[in-house]
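**Student:** Pasting in a structure now, in structure tokens, and then I'll have a few things to ask.
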Amino acid sequence: MHDKTIAELAADLRDGKVSSVELTGHYLRRIESLDNRLNSLITVTAEQALETARAADAARARGEAGPLTGVPIVHKDIFCTDGVRTSCGSRMLDNFISPYDAGVVERFKAAGCPVLGKTNMDEFAMGSSNETSYYGPVNNPWDTQRVPGGSSGGSAAAVAARLAPGATGTDTGGSIRQPAALTGITGLKPTYGRVSRWGMIAFASSLDQGGPMARTAEDCGLMLNVMAGFDERDSTSLERPAEDFNARLNTTLKGLRIGLPREFFGEGMDPGVARVIDEAIDFYKKLGAEFVEVALPHSGLSVPVYYVVAPAECSSNLARFDGVRYGYRCEDPKDLMDLYMRSRGEGFGPEVQRRIMVGTYALSAGYFDAYYLKAQKIRRLIADDFRQAFEQVDVILAPTTPTTAFRLGEKTADPVTMYLSDVYTIAVNLAGLPAMSLPAGFSQGLPVGMQLIGNYFDEARLLGVAHQYQLGTEWHQMAPAGFE
Amino acid sequence: MSLSQEQVKKIAHLARLNVREEDLDTYARTLSDILDFVEQMEGVDTEGVEPMAHPLALSQRLRADAPTEPDRRAHFQRIAPAVEDGLYLVPRVIE
């Protein structure tokens, strides 16, 4: 049952082959017996999940079921869930029982999806390996000595290990795509503004975007149909007519122009990754796609630009955690300053503190122009590169990551080395474009992800291009040993 | 760019972070590494380039100046570290 996709499970529920209570119970039992090997979930919400499942079955009996009614999912623990701990992977919020639901959580509730639990993540989504979590690292189901990527590492590992058929994630610099690549699943970062940021704990507001993580492009489309839509409570939410993101799954790729950015195929890429991407290019050629070399000359600056913009925005966003209204408060503060300093010093982990300090420095008097303003200018140059590329091509294809999953502890001592694992994903966030990662093969037994980048609002086309690949390949069906 | 432990202390204070003495050295090293890394930006000609704050050049929506939220103070204060009579408690500020 757990080897089925969301589309297949939804069909089985519709045909009465399985009930949501049975399905939800099955996944909860898998979580109970297998997650001790992964640590992919911070909180399991078994009772609430079964209650939603019973309601979903009753709604179906009344003829009131929607496309995903009864399909269980997991939420990244960055999305506020009413009455359930929402930790954001941090000691700061270890005691935070959210008093409200995020916009995304409301939408899945309205769709009738039981929530099995909240997934582990890098603290406040700051990390590329899931090792900054207060709740400990997540292990990659393909090799439990390796990281699943981050920051949505728990969501990725849970879907790869078939502990849930789909998960929500967030992507500020690659946090959906990089873990999707490292665990062999499919993940989509939508156009900035597609998915409501209301109740999605903010890291870098001009970059943060929620999105689906599942096994197939079709499943990501089904989830995005639930997640996307205007929310007046998010000041940067896009006002656009509703669309079916799976409307173009069967569009032919004959004549599709695919761009290959030469800057993404340079040194630093693992030969095993390069081989897999070459094979994917050959596959698309057979389907009739045309390849065009494109230039993104400023993309090499995306990581340094990001590590000014993101910390600057994080230092401002995380100022709200002050030990006064909710979250962690230190013991016996002697005065107000001591309360602030120790609550934040003890509540945040080292990587979060480091980024708050980088941002504080970059925004401080005398440095603002040299860092933040300079970064925002180069950000425009990076976005303009993409604009020009999309005048020549329909989508851009590249690797998602330069290497496969690295070992636990391998990059924790050196932040800059860790930051460079997002070298192929970050430019997309700076530009606000949609992009996805899908499984394209293996290198030495570890999954390799292919990245597809689309023009603004072009999610449906991206999903179609990915679906056509998945119709002709089996990489997305591979299950890690011990989790089949 | 190399930050001294004194500079790290000053930044940490601005950010209201109590950094332990024994961690100052690591922070000084890693923060300096990050600042060195982002210095690559200096070589880029950005003369006349408009800074980009938002991926899509949209203007902020406005709404009518009318209350939209119900009063949920008691609900929200249930998770506060310390409250009394509907107020959040902090250490005495004025003697």
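We label chains A, B, ... in the order they appear in the structure tokens, count residues from 1 in each chain, and number ligands from 1 in the order shown.
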For the structure I just gave you, how does DSSP split stretch 45-203 of chain A - specifically, which residues are strand (DSSP E or B)? Reply as a PyMOL selection string.
**Tutor:** chain A and resi 73-76+79+85+97+115-119+140+143+146+166-170+186-189+195+200
**Student:** Could you list the residues in chain A lying within 8 Å of chain B, using only C-alpha atoms, and format the result as a PyMOL selection string?
**Tutor:** chain A and resi 96-97+99+192+206+235-236+301+304-305+307-308+315+319+323-329+333-337+339-342+344-346+353-354+356-358+360-361+370+373-381+383+414-416+430-432
**Student:** Would you pick out the contacts of stretch 54-62 of chain A at 12 Å or less, using only C-alpha atoms, so that residues sharing its chain but fewer than 4 positions from it are not included, and give the list as a PyMOL selection string?
**Tutor:** chain A and resi 10+13-16+18-25+47-50+66-72+108-115
**Student:** Write out as a ChimeraX atom specification each polymer residue whose atoms come within 8 Å of A:Asp122, counting only C-alpha atoms; drop sequence neighbours fewer than 6 positions from it.
**Tutor:** /A:88-89,128-133,150-153
**Student:** Take atom CA of A:Phe348 and atom CA of A:Asn95 and report the distance between them in Å, one decimal.
**Tutor:**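 Separating atom CA of A:Phe348 from atom CA of A:Asn95 is a distance of 13.5 Å.
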**Student:** According to DSSP computed on the backbone, where in chain B is there alpha helix (DSSP H)? Give the residues as a count of residues only.
**Tutor:** 30
**Student:** Report as CSV: every residue of stretch 220-309 of chain A with an atom at most 8 Å from stretch 442-446 of chain A, its closest pair of atoms, and their distance in Å to one decimal, counting only C-alpha atoms, with rows sorted by chain and ascending residue number.
**Tutor:**
```
residue,atom,partner,partner_atom,distance
A:Gly272,CA,A:Ser443,CA,5.1
A:Val273,CA,A:Ser443,CA,6.6
A:Val276,CA,A:Phe442,CA,7.2
```
**Student:** Taking 6 positions as the minimum chain separation for residues in the same chain, which residues sit within 10 Å of A:Glu106 when counting only C-alpha atoms? Answer as a ChimeraX atom specification.
**Tutor:** /A:80-82,100,112,199,226-227
**Student:** Rounded to one decimal in Å, what is the spacing between atom CA of A:Phe265 and atom CA of A:Phe390?
**Tutor:**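 A separation of 18.4 Å between them.
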**Student:** Which of these, A:Asp385, A:Asp422, A:Glu474, A:Glu218, has the shortest distance to A:Thr172 once you count only C-alpha atoms?
**Tutor:**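 Counting only C-alpha atoms, the residue closest to A:Thr172 is A:Asp422.
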**Student:** Excluding A:Phe203 and residues on its chain fewer than 5 positions from it, collect all residues at most 8 Å away from it, counting only C-alpha atoms, and give them as a VMD selection string.
**Tutor:** chain A and resid 124 to 126 172 208 310 313 to 314 317 to 318
**Student:** Could the residues in this selection be saved with C-alpha atoms as a PDB file, in the first residue's frame?
**Tutor:**
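out_37.pdb written:
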```
ATOM      1  CA  PHE A 124      14.631  27.725  11.544  1.00  0.00           C
ATOM      2  CA  ALA A 125      15.336  26.178   8.097  1.00  0.00           C
ATOM      3  CA  MET A 126      18.973  27.292   8.301  1.00  0.00           C
ATOM      4  CA  THR A 172      14.605  29.583   0.814  1.00  0.00           C
ATOM      5  CA  ASP A 208      10.857  31.792   1.504  1.00  0.00           C
ATOM      6  CA  ALA A 310      19.148  35.785   3.853  1.00  0.00           C
ATOM      7  CA  GLU A 313      16.299  39.232   6.642  1.00  0.00           C
ATOM      8  CA  CYS A 314      16.683  36.491   9.276  1.00  0.00           C
ATOM      9  CA  ASN A 317      12.601  38.192  11.411  1.00  0.00           C
ATOM     10  CA  LEU A 318      14.076  36.389  14.395  1.00  0.00           C
TER      11      LEU A 318
END
```
**Student:** Which residues come within 8 Å of A:Pro447, counting only C-alpha atoms, excluding same-chain residues fewer than 3 positions away, as a PyMOL selection string?
**Tutor:** chain A and resi 181-184+404-405+439-443
